[in-house]
Amino acid sequence: ALQSEILVADAAHTRSDVLATLLVLASLVALKLGMMWADLAAAALVVALVLRAGFGVLRGTLSTLSDERRIEPRLVEREAQLEEGVLEVHNVRSRGPLDDVHVDLHVLVDPRMPIADAHLIGHRVERRLRGKWPGFTDVVVHVEPALPGERARMREGGGLKAES
């Protein structure tokens with residue numbers, strides 16, 4: 001529910017600990033009953049449990065570790081452009097775990113607009129994005145004038161890109 005990678009990893013660890021303990025207890029009972037192979041079988045199952053939990057945690061956190069984008073740039077662009085006064089959105093980047101996503105984007109506004117008004121548009125875009133995606137904990141909106149040199153010229157990796 002919280003989409004916390006730390007909680008998911010801890011739950012996998014706890015689950016493997018409980019199952020390993022049950023396997024050890026079962027192997028002790030089996031040894032008492034003369035089943036000498038039970039200890040080796042339990043050990044093999046414990047190793048399998050630990051490996052499974054480890055790979056599950058790695059698979060679940062690989063996106064964060066590799067700094068993979070979290071939200072499709074087109075979705076962020078579309079949502080930000082709903083804000084009045086936004087002429088274009090480009091260079092959208094998102095990263096981090098799903099419960100702590102960091103986003104930055106460029107928003108173009110009318111170059112004749114007073115800087116105070118442009119600044120307010122940036123705040124409104126930030127509020128809109130946080131409302132749409134509660135996991136967005138850090139949103140940086142770069143407000144720029146919509147001059148020809150600032151416009152996006154290509155779509156790359158799912159999002160509009162402008163020269164840096």
# chains A, B, ... in the order shown; residues from 1 in each chain; ligands from 1
>>> residues_around(residues="Ser16 (chain A)", least_positions_apart="3", cutoff="12 Å", atoms="only C-alpha atoms", output="MDAnalysis selection string")
chainID A and resid 9:13 19:23 45:54 56:57
>>> write_last_selection(atoms="N, CA and C atoms", output="tab-separated table (two decimals), in the first residue's frame")
chain	number	residue	atom	x	y	z
A	9	ALA	N	11.35	-5.32	1.11
A	9	ALA	CA	12.56	-6.09	1.35
A	9	ALA	C	12.55	-6.70	2.76
A	10	ASP	N	12.14	-5.92	3.74
A	10	ASP	CA	12.09	-6.42	5.11
A	10	ASP	C	11.07	-7.54	5.26
A	11	ALA	N	9.94	-7.42	4.59
A	11	ALA	CA	8.92	-8.48	4.63
A	11	ALA	C	9.45	-9.77	4.01
A	12	ALA	N	10.17	-9.65	2.89
A	12	ALA	CA	10.76	-10.84	2.25
A	12	ALA	C	11.78	-11.49	3.18
A	13	HIS	N	12.56	-10.69	3.85
A	13	HIS	CA	13.55	-11.20	4.80
A	13	HIS	C	12.88	-11.92	5.97
A	19	LEU	N	10.16	-19.19	7.46
A	19	LEU	CA	10.17	-20.47	6.76
A	19	LEU	C	11.42	-21.29	7.07
A	20	ALA	N	12.56	-20.63	7.17
A	20	ALA	CA	13.80	-21.34	7.51
A	20	ALA	C	13.70	-21.94	8.90
A	21	THR	N	13.15	-21.21	9.85
A	21	THR	CA	12.98	-21.72	11.21
A	21	THR	C	12.06	-22.94	11.22
A	22	LEU	N	10.97	-22.87	10.48
A	22	LEU	CA	10.05	-24.01	10.39
A	22	LEU	C	10.74	-25.22	9.76
A	23	LEU	N	11.55	-24.99	8.74
A	23	LEU	CA	12.29	-26.10	8.11
A	23	LEU	C	13.29	-26.73	9.07
A	45	LEU	N	16.68	-26.47	1.13
A	45	LEU	CA	15.50	-25.61	1.03
A	45	LEU	C	15.75	-24.22	1.63
A	46	VAL	N	16.51	-24.17	2.72
A	46	VAL	CA	16.85	-22.88	3.34
A	46	VAL	C	17.69	-22.05	2.37
A	47	VAL	N	18.67	-22.69	1.72
A	47	VAL	CA	19.48	-21.97	0.73
A	47	VAL	C	18.59	-21.44	-0.40
A	48	ALA	N	17.66	-22.26	-0.87
A	48	ALA	CA	16.74	-21.84	-1.93
A	48	ALA	C	15.89	-20.65	-1.47
A	49	LEU	N	15.42	-20.68	-0.23
A	49	LEU	CA	14.61	-19.57	0.31
A	49	LEU	C	15.41	-18.27	0.35
A	50	VAL	N	16.65	-18.37	0.84
A	50	VAL	CA	17.50	-17.18	0.95
A	50	VAL	C	17.79	-16.61	-0.44
A	51	LEU	N	18.11	-17.48	-1.40
A	51	LEU	CA	18.38	-17.01	-2.77
A	51	LEU	C	17.14	-16.37	-3.39
A	52	ARG	N	15.99	-17.00	-3.18
A	52	ARG	CA	14.74	-16.45	-3.73
A	52	ARG	C	14.46	-15.06	-3.14
A	53	ALA	N	14.60	-14.92	-1.82
A	53	ALA	CA	14.36	-13.62	-1.18
A	53	ALA	C	15.36	-12.58	-1.69
A	54	GLY	N	16.62	-12.98	-1.83
A	54	GLY	CA	17.65	-12.04	-2.31
A	54	GLY	C	17.38	-11.56	-3.72
A	56	GLY	N	14.48	-11.55	-5.20
A	56	GLY	CA	13.26	-10.75	-5.17
A	56	GLY	C	13.53	-9.32	-4.74
A	57	VAL	N	14.37	-9.14	-3.73
A	57	VAL	CA	14.72	-7.80	-3.26
A	57	VAL	C	15.51	-7.07	-4.34
>>> select_by_dssp(residues="region 16-141 of chain A", states="alpha helix (DSSP H)", output="ChimeraX atom specification")
/A:16-32,38-65,73-80,115-132
>>> residues_around(residues="Pro148 (chain A)", least_positions_apart="4", cutoff="12 Å", atoms="only C-alpha atoms", output="mmCIF file with N, CA, C and O atoms, in the first residue's frame")
data_model
loop_
_atom_site.group_PDB
_atom_site.id
_atom_site.type_symbol
_atom_site.label_atom_id
_atom_site.label_comp_id
_atom_site.auth_asym_id
_atom_site.auth_seq_id
_atom_site.Cartn_x
_atom_site.Cartn_y
_atom_site.Cartn_z
ATOM 1 N N GLU A 88 4.499 24.842 -23.325
ATOM 2 C CA GLU A 88 5.209 23.604 -23.676
ATOM 3 C C GLU A 88 5.854 23.035 -22.419
ATOM 4 O O GLU A 88 6.200 23.781 -21.506
ATOM 5 N N LEU A 108 7.609 26.032 -20.504
ATOM 6 C CA LEU A 108 7.746 27.285 -21.252
ATOM 7 C C LEU A 108 6.478 28.115 -21.117
ATOM 8 O O LEU A 108 5.365 27.588 -21.187
ATOM 9 N N VAL A 109 6.690 29.414 -20.904
ATOM 10 C CA VAL A 109 5.577 30.362 -20.764
ATOM 11 C C VAL A 109 5.816 31.533 -21.722
ATOM 12 O O VAL A 109 6.900 31.692 -22.277
ATOM 13 N N ASP A 110 4.816 32.362 -21.869
ATOM 14 C CA ASP A 110 4.909 33.544 -22.729
ATOM 15 C C ASP A 110 6.087 34.401 -22.257
ATOM 16 O O ASP A 110 6.163 34.771 -21.081
ATOM 17 N N PRO A 111 7.019 34.726 -23.158
ATOM 18 C CA PRO A 111 8.199 35.505 -22.749
ATOM 19 C C PRO A 111 7.874 36.916 -22.267
ATOM 20 O O PRO A 111 8.683 37.540 -21.571
ATOM 21 N N GLU A 144 10.759 28.757 -18.152
ATOM 22 C CA GLU A 144 11.576 29.422 -19.165
ATOM 23 C C GLU A 144 10.675 30.169 -20.141
ATOM 24 O O GLU A 144 9.518 29.795 -20.336
ATOM 25 N N ALA A 152 11.389 22.546 -27.724
ATOM 26 C CA ALA A 152 11.821 21.161 -27.938
ATOM 27 C C ALA A 152 11.798 20.867 -29.425
ATOM 28 O O ALA A 152 10.906 21.315 -30.145
ATOM 29 N N ARG A 153 12.780 20.120 -29.892
ATOM 30 C CA ARG A 153 12.878 19.814 -31.311
ATOM 31 C C ARG A 153 12.759 18.321 -31.614
ATOM 32 O O ARG A 153 12.674 17.923 -32.765
ATOM 33 N N ALA A 162 14.769 19.309 -25.359
ATOM 34 C CA ALA A 162 15.295 20.561 -25.885
ATOM 35 C C ALA A 162 16.776 20.591 -25.580
ATOM 36 O O ALA A 162 17.265 19.870 -24.703
ATOM 37 N N GLU A 163 17.492 21.429 -26.291
ATOM 38 C CA GLU A 163 18.920 21.577 -26.022
ATOM 39 C C GLU A 163 19.124 22.022 -24.582
ATOM 40 O O GLU A 163 18.348 22.819 -24.059
#
>>> closest_residue(among="A:Glu156, A:Glu72, A:Glu84, A:Asp138", to="Asp99 (chain A)", atoms="only C-alpha atoms")
A:Asp138
>>> closest_residue(among="A:Ala41, A:Leu160, A:Leu105, A:Leu7", to="Ala80 (chain A)", atoms="only C-alpha atoms")
A:Leu105
>>> residues_around(residues="Leu129 (chain A)", least_positions_apart="4", cutoff="9 Å", atoms="only C-alpha atoms", output="PyMOL selection string")
chain A and resi 76+79-80+124-125+133-134+136+139
>>> write_last_selection(atoms="C-alpha atoms", output="compact mmCIF listing (two decimals), in the first residue's frame")
# COMPACT_ATOMS: atom_id res chain seq x y z
CA VAL A 76 3.95 14.31 -16.91
CA GLU A 79 -0.61 16.76 -16.92
CA ALA A 80 1.58 19.88 -16.67
CA ARG A 124 0.73 25.53 -9.83
CA VAL A 125 2.38 22.91 -12.05
CA TRP A 133 1.14 11.41 -8.16
CA PRO A 134 1.36 11.42 -4.33
CA PHE A 136 6.30 12.82 -5.99
CA VAL A 139 9.33 18.45 -7.97
>>> closest_residue(among="A:Asp39, A:Val101, A:Val143, A:Arg128", to="Ala116 (chain A)", atoms="only C-alpha atoms")
A:Val143
>>> decode(residues="region 101-113 of chain A", atoms="all heavy atoms", output="PDB file, in the first residue's frame")
ATOM      1  N   VAL A 101       9.598   9.768  -5.347  1.00  0.00           N
ATOM      2  CA  VAL A 101       9.995  10.083  -6.719  1.00  0.00           C
ATOM      3  C   VAL A 101      10.427  11.546  -6.812  1.00  0.00           C
ATOM      4  O   VAL A 101       9.741  12.440  -6.328  1.00  0.00           O
ATOM      5  CB  VAL A 101       8.835   9.800  -7.705  1.00  0.00           C
ATOM      6  CG1 VAL A 101       9.242  10.167  -9.128  1.00  0.00           C
ATOM      7  CG2 VAL A 101       8.405   8.343  -7.625  1.00  0.00           C
ATOM      8  N   HIS A 102      11.572  11.762  -7.452  1.00  0.00           N
ATOM      9  CA  HIS A 102      12.089  13.106  -7.701  1.00  0.00           C
ATOM     10  C   HIS A 102      11.886  13.401  -9.181  1.00  0.00           C
ATOM     11  O   HIS A 102      12.256  12.601 -10.036  1.00  0.00           O
ATOM     12  CB  HIS A 102      13.566  13.193  -7.348  1.00  0.00           C
ATOM     13  CG  HIS A 102      13.822  13.028  -5.889  1.00  0.00           C
ATOM     14  ND1 HIS A 102      14.569  13.911  -5.156  1.00  0.00           N
ATOM     15  CD2 HIS A 102      13.407  12.086  -5.003  1.00  0.00           C
ATOM     16  CE1 HIS A 102      14.610  13.512  -3.892  1.00  0.00           C
ATOM     17  NE2 HIS A 102      13.913  12.412  -3.789  1.00  0.00           N
ATOM     18  N   VAL A 103      11.287  14.561  -9.472  1.00  0.00           N
ATOM     19  CA  VAL A 103      10.941  14.928 -10.845  1.00  0.00           C
ATOM     20  C   VAL A 103      11.466  16.325 -11.127  1.00  0.00           C
ATOM     21  O   VAL A 103      11.394  17.206 -10.265  1.00  0.00           O
ATOM     22  CB  VAL A 103       9.398  14.936 -11.026  1.00  0.00           C
ATOM     23  CG1 VAL A 103       9.023  15.335 -12.444  1.00  0.00           C
ATOM     24  CG2 VAL A 103       8.805  13.605 -10.669  1.00  0.00           C
ATOM     25  N   ASP A 104      12.001  16.490 -12.338  1.00  0.00           N
ATOM     26  CA  ASP A 104      12.265  17.853 -12.787  1.00  0.00           C
ATOM     27  C   ASP A 104      11.827  17.969 -14.232  1.00  0.00           C
ATOM     28  O   ASP A 104      11.803  16.986 -14.970  1.00  0.00           O
ATOM     29  CB  ASP A 104      13.720  18.284 -12.562  1.00  0.00           C
ATOM     30  CG  ASP A 104      14.725  17.438 -13.270  1.00  0.00           C
ATOM     31  OD1 ASP A 104      14.963  17.691 -14.464  1.00  0.00           O
ATOM     32  OD2 ASP A 104      15.290  16.529 -12.637  1.00  0.00           O
ATOM     33  N   LEU A 105      11.404  19.163 -14.602  1.00  0.00           N
ATOM     34  CA  LEU A 105      10.868  19.411 -15.934  1.00  0.00           C
ATOM     35  C   LEU A 105      11.025  20.874 -16.283  1.00  0.00           C
ATOM     36  O   LEU A 105      11.204  21.717 -15.403  1.00  0.00           O
ATOM     37  CB  LEU A 105       9.391  19.007 -16.000  1.00  0.00           C
ATOM     38  CG  LEU A 105       8.418  19.766 -15.093  1.00  0.00           C
ATOM     39  CD1 LEU A 105       7.067  19.868 -15.767  1.00  0.00           C
ATOM     40  CD2 LEU A 105       8.267  19.041 -13.764  1.00  0.00           C
ATOM     41  N   HIS A 106      10.985  21.144 -17.575  1.00  0.00           N
ATOM     42  CA  HIS A 106      11.043  22.513 -18.069  1.00  0.00           C
ATOM     43  C   HIS A 106       9.659  22.900 -18.576  1.00  0.00           C
ATOM     44  O   HIS A 106       9.029  22.139 -19.308  1.00  0.00           O
ATOM     45  CB  HIS A 106      12.058  22.630 -19.208  1.00  0.00           C
ATOM     46  CG  HIS A 106      13.462  22.399 -18.777  1.00  0.00           C
ATOM     47  ND1 HIS A 106      14.528  23.031 -19.367  1.00  0.00           N
ATOM     48  CD2 HIS A 106      14.001  21.606 -17.819  1.00  0.00           C
ATOM     49  CE1 HIS A 106      15.649  22.637 -18.785  1.00  0.00           C
ATOM     50  NE2 HIS A 106      15.344  21.766 -17.852  1.00  0.00           N
ATOM     51  N   VAL A 107       9.205  24.079 -18.182  1.00  0.00           N
ATOM     52  CA  VAL A 107       7.900  24.602 -18.584  1.00  0.00           C
ATOM     53  C   VAL A 107       8.139  25.932 -19.286  1.00  0.00           C
ATOM     54  O   VAL A 107       8.796  26.820 -18.743  1.00  0.00           O
ATOM     55  CB  VAL A 107       6.997  24.800 -17.337  1.00  0.00           C
ATOM     56  CG1 VAL A 107       5.751  25.568 -17.694  1.00  0.00           C
ATOM     57  CG2 VAL A 107       6.644  23.465 -16.708  1.00  0.00           C
ATOM     58  N   LEU A 108       7.609  26.032 -20.504  1.00  0.00           N
ATOM     59  CA  LEU A 108       7.746  27.285 -21.252  1.00  0.00           C
ATOM     60  C   LEU A 108       6.478  28.115 -21.117  1.00  0.00           C
ATOM     61  O   LEU A 108       5.365  27.588 -21.187  1.00  0.00           O
ATOM     62  CB  LEU A 108       8.000  26.997 -22.735  1.00  0.00           C
ATOM     63  CG  LEU A 108       9.268  26.199 -23.068  1.00  0.00           C
ATOM     64  CD1 LEU A 108       9.457  26.134 -24.581  1.00  0.00           C
ATOM     65  CD2 LEU A 108      10.488  26.781 -22.410  1.00  0.00           C
ATOM     66  N   VAL A 109       6.690  29.414 -20.904  1.00  0.00           N
ATOM     67  CA  VAL A 109       5.577  30.362 -20.764  1.00  0.00           C
ATOM     68  C   VAL A 109       5.816  31.533 -21.722  1.00  0.00           C
ATOM     69  O   VAL A 109       6.900  31.692 -22.277  1.00  0.00           O
ATOM     70  CB  VAL A 109       5.447  30.872 -19.306  1.00  0.00           C
ATOM     71  CG1 VAL A 109       5.155  29.726 -18.349  1.00  0.00           C
ATOM     72  CG2 VAL A 109       6.701  31.621 -18.875  1.00  0.00           C
ATOM     73  N   ASP A 110       4.816  32.362 -21.869  1.00  0.00           N
ATOM     74  CA  ASP A 110       4.909  33.544 -22.729  1.00  0.00           C
ATOM     75  C   ASP A 110       6.087  34.401 -22.257  1.00  0.00           C
ATOM     76  O   ASP A 110       6.163  34.771 -21.081  1.00  0.00           O
ATOM     77  CB  ASP A 110       3.595  34.328 -22.626  1.00  0.00           C
ATOM     78  CG  ASP A 110       3.544  35.524 -23.550  1.00  0.00           C
ATOM     79  OD1 ASP A 110       4.600  36.089 -23.909  1.00  0.00           O
ATOM     80  OD2 ASP A 110       2.421  35.898 -23.923  1.00  0.00           O
ATOM     81  N   PRO A 111       7.019  34.726 -23.158  1.00  0.00           N
ATOM     82  CA  PRO A 111       8.199  35.505 -22.749  1.00  0.00           C
ATOM     83  C   PRO A 111       7.874  36.916 -22.267  1.00  0.00           C
ATOM     84  O   PRO A 111       8.683  37.540 -21.571  1.00  0.00           O
ATOM     85  CB  PRO A 111       9.071  35.548 -24.012  1.00  0.00           C
ATOM     86  CG  PRO A 111       8.249  35.055 -25.124  1.00  0.00           C
ATOM     87  CD  PRO A 111       7.062  34.345 -24.556  1.00  0.00           C
ATOM     88  N   ARG A 112       6.697  37.421 -22.586  1.00  0.00           N
ATOM     89  CA  ARG A 112       6.302  38.769 -22.135  1.00  0.00           C
ATOM     90  C   ARG A 112       5.672  38.755 -20.748  1.00  0.00           C
ATOM     91  O   ARG A 112       5.385  39.796 -20.178  1.00  0.00           O
ATOM     92  CB  ARG A 112       5.337  39.384 -23.143  1.00  0.00           C
ATOM     93  CG  ARG A 112       5.967  39.602 -24.531  1.00  0.00           C
ATOM     94  CD  ARG A 112       4.921  39.926 -25.516  1.00  0.00           C
ATOM     95  NE  ARG A 112       3.948  38.824 -25.483  1.00  0.00           N
ATOM     96  CZ  ARG A 112       3.256  38.382 -26.495  1.00  0.00           C
ATOM     97  NH1 ARG A 112       3.380  38.956 -27.649  1.00  0.00           N
ATOM     98  NH2 ARG A 112       2.418  37.388 -26.387  1.00  0.00           N
ATOM     99  N   MET A 113       5.468  37.569 -20.218  1.00  0.00           N
ATOM    100  CA  MET A 113       4.815  37.431 -18.912  1.00  0.00           C
ATOM    101  C   MET A 113       5.746  37.942 -17.795  1.00  0.00           C
ATOM    102  O   MET A 113       6.942  37.657 -17.807  1.00  0.00           O
ATOM    103  CB  MET A 113       4.495  35.948 -18.677  1.00  0.00           C
ATOM    104  CG  MET A 113       3.809  35.660 -17.352  1.00  0.00           C
ATOM    105  SD  MET A 113       3.452  33.896 -17.184  1.00  0.00           S
ATOM    106  CE  MET A 113       2.155  33.703 -18.369  1.00  0.00           C
TER     107      MET A 113
END
